[in-house]
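Have a look at structure-v7.txt; it's compact mmCIF, C-alpha atoms and all ligand atoms:
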```txt
# COMPACT_ATOMS: atom_id res chain seq x y z
CA MET G 1 -76.92 54.73 119.65
CA THR G 2 -75.15 57.68 118.01
CA ASP G 3 -71.67 58.37 119.39
CA PHE G 4 -71.52 62.16 119.71
CA SER G 5 -67.89 62.23 120.85
CA ALA G 6 -67.07 60.56 117.52
CA THR G 7 -69.08 63.12 115.56
CA ARG G 8 -67.38 65.98 117.39
CA ALA G 9 -63.98 64.62 116.35
CA ARG G 10 -65.12 65.02 112.76
CA PHE G 11 -65.08 68.82 112.91
CA ARG G 12 -62.30 71.37 112.85
CA LEU G 13 -63.58 73.91 115.31
CA PRO G 14 -61.82 77.28 115.58
CA GLU G 15 -59.14 77.20 118.26
CA GLY G 16 -60.23 78.35 121.72
CA VAL G 17 -63.84 78.88 120.70
CA THR G 18 -67.11 77.47 122.04
CA TYR G 19 -69.18 77.48 118.89
CA LEU G 20 -72.90 77.99 119.39
CA ASP G 21 -73.47 79.44 115.92
CA GLY G 22 -73.87 76.29 113.85
CA ASN G 23 -77.43 77.49 113.17
CA SER G 24 -75.90 80.32 111.16
CA LEU G 25 -72.84 78.66 109.63
CA GLY G 26 -71.80 75.11 110.49
CA PRO G 27 -68.07 74.57 111.15
CA LEU G 28 -65.60 72.89 108.81
CA PRO G 29 -65.98 69.09 108.72
CA VAL G 30 -62.81 67.00 108.65
CA GLY G 31 -62.28 65.82 105.07
CA ALA G 32 -64.16 68.69 103.43
CA ALA G 33 -61.07 70.73 102.55
CA GLU G 34 -59.35 67.60 101.27
CA ARG G 35 -62.39 66.74 99.15
CA ALA G 36 -62.43 70.25 97.68
CA ALA G 37 -58.71 70.01 96.92
CA GLU G 38 -59.25 66.65 95.25
CA VAL G 39 -62.03 68.05 93.06
CA ILE G 40 -59.95 71.07 92.14
CA ALA G 41 -56.67 69.30 91.38
CA GLY G 42 -57.68 65.69 90.76
CA GLU G 43 -60.82 66.34 88.76
CA TRP G 44 -60.87 69.89 87.38
CA GLY G 45 -57.07 70.00 87.02
CA ALA G 46 -56.63 66.52 85.65
CA MET G 47 -59.76 66.20 83.55
CA ALA G 48 -60.90 69.73 82.73
CA VAL G 49 -64.19 69.56 80.83
CA ALA G 50 -64.23 65.75 80.92
CA GLY G 51 -64.95 66.06 84.66
CA TRP G 52 -68.62 66.67 83.87
CA THR G 53 -68.89 63.05 82.79
CA ARG G 54 -65.89 61.21 84.24
CA ALA G 55 -66.13 62.70 87.72
CA GLY G 56 -69.94 62.64 87.83
CA TRP G 57 -70.32 66.40 88.27
CA MET G 58 -73.56 66.50 86.33
CA GLU G 59 -75.30 63.85 88.47
CA ALA G 60 -73.96 65.14 91.78
CA PRO G 61 -76.93 67.44 92.58
CA THR G 62 -79.42 64.55 92.59
CA ARG G 63 -77.01 62.10 94.21
CA VAL G 64 -76.29 64.53 97.05
CA GLY G 65 -80.00 65.42 97.13
CA ASP G 66 -80.72 61.78 98.00
CA ARG G 67 -78.34 62.00 100.96
CA ILE G 68 -80.27 65.00 102.28
CA ALA G 69 -83.62 63.33 101.59
CA ARG G 70 -82.80 60.71 104.21
CA LEU G 71 -82.39 63.44 106.82
CA ILE G 72 -85.75 65.09 106.12
CA GLY G 73 -87.93 62.01 105.92
CA ALA G 74 -88.07 61.98 102.14
CA ALA G 75 -87.65 59.18 99.62
CA PRO G 76 -84.71 59.01 97.19
CA GLY G 77 -85.36 60.88 93.95
CA THR G 78 -87.38 63.66 95.60
CA THR G 79 -84.67 66.18 96.47
CA VAL G 80 -82.08 68.02 94.44
CA VAL G 81 -79.37 70.49 95.45
CA GLY G 82 -78.19 73.68 93.77
CA ASP G 83 -78.92 77.41 93.69
CA THR G 84 -79.78 79.27 96.89
CA LEU G 85 -82.65 78.95 99.31
CA SER G 86 -84.06 82.28 98.10
CA THR G 87 -84.27 80.83 94.60
CA ARG G 88 -85.68 77.54 95.85
CA MET G 89 -88.47 79.18 97.83
CA TYR G 90 -89.42 81.25 94.80
CA GLN G 91 -89.41 78.17 92.63
CA ALA G 92 -91.43 76.08 95.11
CA LEU G 93 -94.02 78.80 95.65
CA ALA G 94 -94.41 79.38 91.92
CA ALA G 95 -94.98 75.65 91.39
CA ALA G 96 -97.44 75.57 94.30
CA LEU G 97 -99.49 78.46 92.87
CA ALA G 98 -99.62 76.79 89.48
CA LEU G 99 -101.30 73.82 91.19
CA ARG G 100 -104.09 76.10 92.52
CA PRO G 101 -104.73 78.48 89.62
CA ARG G 102 -108.07 79.73 90.90
CA ARG G 103 -106.94 80.75 94.39
CA ARG G 104 -105.25 84.03 95.16
CA VAL G 105 -103.91 83.94 98.74
CA VAL G 106 -100.45 82.96 99.94
CA LEU G 107 -100.60 82.51 103.71
CA SER G 108 -97.51 83.10 105.83
CA ASP G 109 -96.67 84.46 109.26
CA THR G 110 -95.04 87.50 110.77
CA GLY G 111 -92.25 85.38 112.28
CA ASN G 112 -91.10 84.21 108.87
CA PHE G 113 -87.60 85.01 107.69
CA PRO G 114 -88.17 88.33 105.89
CA ASN G 115 -86.32 87.13 102.82
CA ASP G 116 -88.96 84.46 102.20
CA LEU G 117 -91.55 87.22 102.20
CA TYR G 118 -89.46 89.38 99.86
CA MET G 119 -89.16 86.47 97.44
CA ALA G 120 -92.90 85.79 97.60
CA ARG G 121 -93.77 89.44 96.99
CA GLY G 122 -91.41 89.55 94.03
CA LEU G 123 -93.00 86.46 92.55
CA LEU G 124 -96.57 87.68 93.09
CA GLN G 125 -95.74 91.02 91.53
CA THR G 126 -94.18 89.36 88.52
CA MET G 127 -97.19 87.07 88.11
CA GLY G 128 -99.45 90.11 88.12
CA GLN G 129 -102.61 88.10 88.80
CA GLY G 130 -103.74 89.88 91.94
CA HIS G 131 -102.37 87.43 94.50
CA GLU G 132 -102.23 88.54 98.13
CA LEU G 133 -99.48 87.66 100.59
CA ARG G 134 -101.44 87.37 103.83
CA LEU G 135 -99.46 87.51 107.06
CA VAL G 136 -100.84 86.46 110.43
CA ALA G 137 -99.20 85.84 113.81
CA PRO G 138 -97.52 82.41 113.98
CA GLU G 139 -100.06 81.15 116.51
CA ALA G 140 -102.94 82.30 114.28
CA VAL G 141 -101.85 80.36 111.18
CA ALA G 142 -104.03 77.28 111.67
CA ALA G 143 -107.21 79.32 111.98
CA ALA G 144 -106.29 81.44 108.95
CA ILE G 145 -106.13 78.49 106.54
CA THR G 146 -109.35 79.10 104.62
CA ASP G 147 -110.48 77.96 101.21
CA GLU G 148 -109.08 81.18 99.70
CA VAL G 149 -105.56 79.97 100.42
CA ALA G 150 -103.62 78.60 97.48
CA ALA G 151 -100.39 78.00 99.36
CA LEU G 152 -99.37 77.78 102.98
CA TYR G 153 -95.85 79.22 102.90
CA LEU G 154 -94.01 78.89 106.19
CA THR G 155 -90.63 78.51 107.80
CA HIS G 156 -90.80 75.50 110.11
CA VAL G 157 -88.45 76.81 112.80
CA ASP G 158 -88.36 80.55 113.53
CA TYR G 159 -84.87 81.96 112.90
CA ARG G 160 -85.06 84.30 115.87
CA THR G 161 -86.83 82.41 118.63
CA GLY G 162 -86.55 78.79 117.53
CA ARG G 163 -90.33 78.43 117.78
CA MET G 164 -91.33 75.38 115.75
CA HIS G 165 -94.57 75.00 113.83
CA ASP G 166 -96.40 71.67 113.95
CA MET G 167 -95.67 70.71 110.37
CA ALA G 168 -97.89 67.64 110.30
CA ARG G 169 -100.91 69.43 111.78
CA LEU G 170 -100.64 72.55 109.61
CA THR G 171 -100.00 70.58 106.45
CA ALA G 172 -103.05 68.41 107.19
CA ARG G 173 -105.07 71.56 107.84
CA ALA G 174 -103.88 73.06 104.52
CA HIS G 175 -104.88 69.91 102.68
CA GLU G 176 -108.33 69.91 104.30
CA ALA G 177 -108.79 73.44 102.99
CA GLY G 178 -107.54 72.45 99.54
CA ALA G 179 -104.25 74.38 99.84
CA VAL G 180 -100.71 73.33 99.00
CA ALA G 181 -97.97 73.37 101.69
CA VAL G 182 -94.53 74.89 101.10
CA TRP G 183 -92.03 74.62 103.97
CA ASP G 184 -88.70 76.36 104.53
CA LEU G 185 -86.48 73.91 106.41
CA ALA G 186 -83.45 76.20 106.85
CA HIS G 187 -83.43 75.68 110.62
CA SER G 188 -84.82 72.15 110.53
CA ALA G 189 -82.65 70.02 108.25
CA GLY G 190 -80.04 68.35 110.45
CA ALA G 191 -81.56 70.03 113.52
CA VAL G 192 -84.89 68.33 114.23
CA ALA G 193 -86.81 65.32 113.00
CA VAL G 194 -88.66 66.14 109.79
CA ASP G 195 -91.05 63.71 108.13
CA LEU G 196 -91.87 65.11 104.71
CA ALA G 197 -93.21 61.84 103.34
CA GLY G 198 -95.31 61.27 106.44
CA CYS G 199 -96.89 64.71 106.46
CA GLU G 200 -97.39 64.72 102.69
CA ALA G 201 -96.23 68.31 102.22
CA GLU G 202 -96.02 69.18 98.55
CA PHE G 203 -92.84 71.29 98.62
CA ALA G 204 -89.93 72.02 100.93
CA ALA G 205 -86.58 73.72 100.59
CA GLY G 206 -83.66 74.43 102.86
CA CYS G 207 -80.09 75.58 103.01
CA THR G 208 -77.11 73.38 103.74
CA TYR G 209 -74.68 75.83 105.32
CA LYS G 210 -76.29 75.69 108.78
CA TYR G 211 -76.79 72.35 110.55
CA LEU G 212 -75.66 70.38 107.48
CA ASN G 213 -72.24 72.09 107.56
CA GLY G 214 -71.86 72.50 103.81
CA GLY G 215 -69.82 75.72 104.15
CA PRO G 216 -70.39 79.38 103.28
CA GLY G 217 -72.41 79.65 100.08
CA ALA G 218 -73.29 75.95 100.09
CA PRO G 219 -76.11 75.08 97.67
CA ALA G 220 -79.72 74.81 98.80
CA PHE G 221 -82.03 71.84 98.33
CA VAL G 222 -85.59 71.57 97.12
CA TYR G 223 -88.07 68.75 97.65
CA VAL G 224 -91.16 67.94 95.60
CA ARG G 225 -93.66 65.27 96.68
CA PRO G 226 -93.07 62.32 94.36
CA ASP G 227 -96.61 62.08 92.97
CA LEU G 228 -96.33 65.70 91.80
CA ALA G 229 -92.77 65.70 90.54
CA ASP G 230 -93.70 64.90 86.95
CA ARG G 231 -96.55 67.43 86.99
CA VAL G 232 -95.16 70.59 88.52
CA ARG G 233 -94.39 73.53 86.32
CA PRO G 234 -90.85 74.83 86.79
CA ALA G 235 -91.05 78.62 86.88
CA LEU G 236 -87.27 78.80 86.56
CA SER G 237 -87.12 76.73 83.42
CA GLY G 238 -83.37 76.46 83.08
CA TRP G 239 -81.58 74.17 80.68
CA LEU G 240 -80.40 71.70 83.29
CA GLY G 241 -84.02 71.05 84.22
CA HIS G 242 -84.78 70.38 80.55
CA GLU G 243 -85.66 66.85 79.52
CA SER G 244 -82.66 66.85 77.23
CA PRO G 245 -80.28 69.75 78.02
CA PHE G 246 -77.75 68.87 75.36
CA ALA G 247 -80.29 68.62 72.57
CA PHE G 248 -80.35 72.44 72.72
CA ASP G 249 -83.96 72.51 71.59
CA LEU G 250 -85.43 75.94 71.14
CA ASP G 251 -88.43 74.83 73.20
CA TYR G 252 -88.34 73.96 76.87
CA ARG G 253 -89.59 70.55 77.94
CA PRO G 254 -89.37 69.83 81.66
CA GLY G 255 -87.18 66.93 82.72
CA ARG G 256 -88.31 63.87 84.60
CA GLY G 257 -89.24 64.11 88.26
CA ILE G 258 -87.11 66.23 90.54
CA GLU G 259 -84.63 66.87 87.71
CA ARG G 260 -86.96 69.58 86.41
CA MET G 261 -86.27 71.66 89.51
CA ARG G 262 -82.65 72.04 88.45
CA VAL G 263 -81.92 75.39 86.89
CA GLY G 264 -78.38 76.08 85.70
CA THR G 265 -74.82 74.83 86.09
CA PRO G 266 -74.28 73.28 89.52
CA PRO G 267 -71.61 74.71 91.85
CA VAL G 268 -69.46 71.59 91.56
CA ILE G 269 -66.88 72.39 94.22
CA GLN G 270 -69.50 73.44 96.77
CA VAL G 271 -71.56 70.34 96.04
CA ALA G 272 -68.46 68.22 96.65
CA ILE G 273 -67.81 69.96 99.97
CA LEU G 274 -71.41 69.37 100.98
CA ASP G 275 -71.09 65.73 99.96
CA ALA G 276 -68.08 65.37 102.26
CA ALA G 277 -69.92 67.19 105.06
CA LEU G 278 -72.80 64.73 104.79
CA ASP G 279 -70.49 61.78 105.54
CA VAL G 280 -70.78 62.48 109.26
CA TRP G 281 -74.56 61.90 109.08
CA GLU G 282 -74.07 58.28 108.01
CA ASP G 283 -73.51 57.36 111.66
CA VAL G 284 -76.19 59.61 113.13
CA ALA G 285 -79.75 58.63 114.04
CA ILE G 286 -81.99 61.69 113.85
CA ALA G 287 -83.95 60.51 116.92
CA ASP G 288 -80.69 60.47 118.94
CA LEU G 289 -79.75 63.90 117.60
CA ARG G 290 -83.11 65.34 118.61
CA ALA G 291 -82.97 63.79 122.09
CA ARG G 292 -79.50 65.19 122.65
CA SER G 293 -80.43 68.59 121.26
CA ILE G 294 -83.32 68.78 123.73
CA ALA G 295 -81.19 67.62 126.66
CA LEU G 296 -78.46 70.17 125.87
CA SER G 297 -80.99 72.98 125.28
CA GLU G 298 -82.80 72.28 128.56
CA ARG G 299 -79.49 72.30 130.36
CA PHE G 300 -78.48 75.58 128.73
CA ILE G 301 -81.75 77.27 129.63
CA ALA G 302 -81.47 76.10 133.24
CA GLU G 303 -77.82 77.15 133.57
CA VAL G 304 -78.42 80.58 132.03
CA GLU G 305 -81.57 81.28 134.01
CA ALA G 306 -79.78 80.36 137.22
CA ARG G 307 -77.08 82.94 136.52
CA CYS G 308 -78.46 85.73 134.34
CA GLU G 309 -81.23 87.76 135.89
CA GLY G 310 -81.69 90.35 133.18
CA LEU G 311 -82.39 87.85 130.39
CA THR G 312 -85.76 86.46 129.38
CA LEU G 313 -86.23 83.30 127.42
CA ALA G 314 -87.42 84.14 123.89
CA SER G 315 -87.70 80.50 122.82
CA PRO G 316 -90.68 78.32 123.73
CA ARG G 317 -90.14 76.64 127.11
CA ASP G 318 -91.69 73.42 125.87
CA PRO G 319 -88.97 71.54 123.96
CA ALA G 320 -91.60 70.01 121.69
CA GLU G 321 -92.27 73.50 120.33
CA ARG G 322 -88.63 74.48 119.92
CA GLY G 323 -86.07 73.74 117.22
CA SER G 324 -82.39 73.27 117.98
CA GLN G 325 -81.61 76.76 119.22
CA VAL G 326 -82.15 78.76 122.38
CA SER G 327 -82.72 82.51 122.31
CA PHE G 328 -82.88 85.09 125.06
CA ARG G 329 -84.01 88.68 125.02
CA PHE G 330 -81.77 91.34 126.51
CA ALA G 331 -82.08 95.08 125.84
CA GLU G 332 -78.30 95.39 125.33
CA GLY G 333 -78.21 92.13 123.38
CA PHE G 334 -75.94 93.37 120.61
CA ALA G 335 -73.22 94.57 122.98
CA ALA G 336 -73.61 91.50 125.20
CA MET G 337 -73.06 89.19 122.24
CA GLN G 338 -69.97 91.12 121.17
CA ALA G 339 -68.57 90.84 124.70
CA LEU G 340 -69.36 87.13 124.78
CA ILE G 341 -67.66 86.56 121.42
CA ALA G 342 -64.63 88.47 122.68
CA GLN G 343 -64.44 85.85 125.44
CA GLY G 344 -64.54 82.97 122.96
CA VAL G 345 -68.21 82.00 123.14
CA VAL G 346 -69.76 82.48 119.70
CA GLY G 347 -73.49 82.87 119.30
CA ASP G 348 -75.14 85.67 117.37
CA PHE G 349 -77.53 88.57 117.66
CA ARG G 350 -80.77 89.18 115.82
CA ALA G 351 -82.49 92.56 115.98
CA PRO G 352 -84.01 93.99 117.98
CA ASP G 353 -82.80 92.28 121.17
CA ILE G 354 -82.23 88.56 120.63
CA LEU G 355 -79.18 86.60 121.75
CA ARG G 356 -79.25 83.43 119.69
CA PHE G 357 -77.46 80.18 120.50
CA GLY G 358 -77.45 77.20 118.15
CA ILE G 359 -77.33 73.81 119.82
CA ALA G 360 -75.74 71.46 117.29
CA PRO G 361 -75.12 68.12 119.04
CA LEU G 362 -72.73 66.89 116.36
CA PHE G 363 -70.04 69.09 117.90
CA ILE G 364 -71.51 70.67 121.07
CA GLY G 365 -71.44 68.84 124.39
CA GLU G 366 -72.27 69.41 128.06
CA ALA G 367 -68.95 71.06 128.83
CA ASP G 368 -69.54 73.64 126.07
CA ILE G 369 -73.01 74.35 127.41
CA ARG G 370 -71.73 74.88 130.94
CA HIS G 371 -68.84 77.03 129.77
CA ALA G 372 -71.09 79.18 127.57
CA ALA G 373 -73.60 79.73 130.40
CA GLU G 374 -70.84 80.59 132.88
CA THR G 375 -69.24 83.04 130.47
CA LEU G 376 -72.58 84.68 129.70
CA GLY G 377 -73.24 84.88 133.45
CA SER G 378 -69.96 86.70 134.07
CA VAL G 379 -70.40 89.02 131.05
CA LEU G 380 -73.69 90.15 132.53
CA ALA G 381 -72.66 90.21 136.20
CA GLU G 382 -69.57 92.27 135.43
CA ARG G 383 -71.31 94.38 132.76
CA ALA G 384 -68.45 93.42 130.45
CA TRP G 385 -70.70 94.41 127.54
CA ASP G 386 -70.89 98.05 128.68
CA ARG G 387 -68.12 99.37 126.44
CA ALA G 388 -68.33 101.61 123.38
CA GLU G 389 -66.43 99.12 121.22
CA TYR G 390 -69.13 96.46 121.75
CA ARG G 391 -71.84 98.81 120.54
CA GLN G 392 -70.23 99.42 117.18
CA ARG G 393 -72.21 97.71 114.47
CA ALA G 394 -70.20 96.59 111.47
CA GLY G 395 -70.09 93.51 109.25
CA VAL G 396 -72.38 90.50 109.69
CA PRO G 397 -73.95 90.44 113.17
C1 LIG G 401 -85.37 80.69 107.18
C2 LIG G 401 -84.42 81.17 106.13
N1 LIG G 401 -84.83 81.25 104.86
C3 LIG G 401 -84.02 81.71 103.88
C4 LIG G 401 -82.72 82.12 104.16
C5 LIG G 401 -81.84 82.74 103.11
O1 LIG G 401 -81.52 81.94 102.09
P1 LIG G 401 -80.25 82.15 101.13
O2 LIG G 401 -79.42 80.94 101.34
O3 LIG G 401 -80.80 82.24 99.77
O4 LIG G 401 -79.53 83.39 101.52
C6 LIG G 401 -82.25 82.02 105.48
C7 LIG G 401 -80.88 82.46 105.79
O5 LIG G 401 -80.40 82.37 106.88
C8 LIG G 401 -83.13 81.56 106.48
O6 LIG G 401 -82.73 81.51 107.76
```

Final structure tokens representation of the file:
Amino acid sequence: MTDFSATRARFRLPEGVTYLDGNSLGPLPVGAAERAAEVIAGEWGAMAVAGWTRAGWMEAPTRVGDRIARLIGAAPGTTVVGDTLSTRMYQALAAALALRPRRRVVLSDTGNFPNDLYMARGLLQTMGQGHELRLVAPEAVAAAITDEVAALYLTHVDYRTGRMHDMARLTARAHEAGAVAVWDLAHSAGAVAVDLAGCEAEFAAGCTYKYLNGGPGAPAFVYVRPDLADRVRPALSGWLGHESPFAFDLDYRPGRGIERMRVGTPPVIQVAILDAALDVWEDVAIADLRARSIALSERFIAEVEARCEGLTLASPRDPAERGSQVSFRFAEGFAAMQALIAQGVVGDFRAPDILRFGIAPLFIGEADIRHAAETLGSVLAERAWDRAEYRQRAGVP
């Protein structure tokens, strides 16, 4: 049984803050700053360029990738870290389309994170082969998977509402129709149980700065199904994905397996921070995490609904259809979130009217849930949000 009071002690949470924003940026894990300092002084400082070999910097992206693989139901050797999620989605979709050269439709949904759609459009435009990015409502995806579809391209958990697609069912449906499945796990990795091997999805990618607590700008990860890893064509054919980067051949030859999804120089210090952040997961069973996430989310919904009349639940009521966040709609949502933050309860706001609360059981407990609901209740009851200063929009919401 996972000990969540022990995991909580492994984070440095900001003083006086109830932090329900781990779905945006996870807090600082104990040991991460020390690990970064060690890499900077003990490796970079002491070894300079020799660090690439002596400190294992070059292998770190696949070694750390294996640690993430365990959390997303993937086998070792299938996942590599580096670059950003934007890049990884581009790369995964490009590889998916190359596997279905005669099909011309990329199917996604209107709840997808807009950036994934921007990246897809950019790719399709660059390819110039007449591909269509077809968007349907999230609940209409299954029925829209026809034999025109080359790639199903979805975000598993909706960033605004927390609505969760049935990954196994949709992937199976895609395969029946002869399509390839590409999943964005930004709000899934470290948040819900994911079984990539079990559902046989071809590609997945995610970020590590949310529930995996890798820090601002932490590298993304990409997964390729093992039977395809030696076949996929890397659209971003960078030298570190080359079979032999230091041969400096004029021709590109893709590396073995997941190595070919590497692009350029890895962000060594960020990878080391992520590595330290992943230590906490060694003692965590994903099934326990999910059970606790559901219990805390149910409690939060009940406590908020008992106190806050003007809010409506934007997340699915059925926990089986929800990721690890709870969202409410409120017309003055932006101002309400600012007022809440001013009182030490940190969630965030997503346009047009969503108050978003991340439920990260590694460091959030019942007392935080109760306190957050009570504070939200009083912010609304006293109209504490109704001040000009809370309506001013500046910086990152
Ligand atoms: C679902 C989803 N995809 C992609 C991204 C963006 O990725 P990047 O790390 O490249 O900014 C985010 C950022 O929050 C996200 O929520």

Give as a ChimeraX atom specification the residues surrounding ligand LIG 401 (chain G) up to a distance of 9 Å, considering only C-alpha atoms and all ligand atoms.
-> /G:23-25,83-89,112-116,154-160,184-187,205-210,217-220

For Pro361 in chain G, which residue out of G:Ser5, G:Gln125, G:Thr110, G:Thr53 is the nearest one, using all atoms listed in the file?
-> G:Ser5

Counting all atoms listed in the file, the residue of G:Asp353, G:Glu38, G:Asp275, G:Glu366 that sits nearest Leu212 in chain G |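 Nearest candidate to Leu212 in chain G out of G:Asp353, G:Glu38, G:Asp275, G:Glu366: G:Asp275.
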
Work out how far apart CA of Leu250 in chain G and CA of Trp52 in chain G are and give it in Å to one decimal.
->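 So the two atoms, CA of Leu250 in chain G and CA of Trp52 in chain G, lie 23.0 Å apart.
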
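Distances to Pro14 in chain G were evaluated for G:Leu28, G:Ala306, G:Val396, G:Leu97 using all atoms listed in the file, and the minimum falls at G:Leu28.
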
Residue nearest Ala295 in chain G - candidates G:Val182, G:Ala98, G:Ala342, G:Ile364, atoms counted: all atoms listed in the file =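 Between G:Val182, G:Ala98, G:Ala342, G:Ile364, the residue approaching Ala295 in chain G most closely is G:Ile364.
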
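The space separating CA of Tyr19 in chain G from CA of Val345 in chain G comes to 6.3 Å.
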
Closest to Arg292 in chain G among G:Ala92, G:Met1, G:Leu123, G:Ala276, using only C-alpha atoms?
->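 Under the stated criterion, the closest residue is G:Met1.
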
Mind giving me the straight-line distance from CA of Arg290 in chain G to CA of Ile72 in chain G in Å, one decimal?
->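 Taking CA of Arg290 in chain G and CA of Ile72 in chain G, their separation equals 12.8 Å.
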
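For the set G:Leu133, G:Ala172, G:Ala247, G:Ala179, the residue with the smallest atom-to-atom gap to Thr146 in chain G is G:Ala179, counting only C-alpha atoms.
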
Within 8 Å of Leu99 in chain G, counting only C-alpha atoms, which residues show up once you throw out same-chain ones fewer than 4 positions away? Write them as a tab-separated table (two decimals) with C-alpha atoms, in the coordinates of the input, please.
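The file below, result-v8.tsv, is the result:
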```tsv
chain	number	residue	atom	x	y	z
G	95	ALA	CA	-94.98	75.65	91.39
G	180	VAL	CA	-100.71	73.33	99.00
G	232	VAL	CA	-95.16	70.59	88.52
```

Name the residues in contact with Trp385 in chain G at a cut-off of 12 Å, using only C-alpha atoms, excluding same-chain residues fewer than 4 positions from it; report them as number ranges by chain.
-> G: 330-343, 375-381, 389-392

Exercise: Val136 in chain G partners within 10 Å, all atoms listed in the file, chain neighbours under 4 positions left out, as number ranges by chain = G: 107-111, 140-144

If I wrap all listed atoms of range 6-17 of chain G in a box with edges along x, y and z and add 6 Å on each side, what are its centre and edge lengths in Å to one decimal, as JSON?
```
{"center_x": -64.1, "center_y": 69.7, "center_z": 117.2, "size_x": 21.9, "size_y": 30.3, "size_z": 21.0}
```
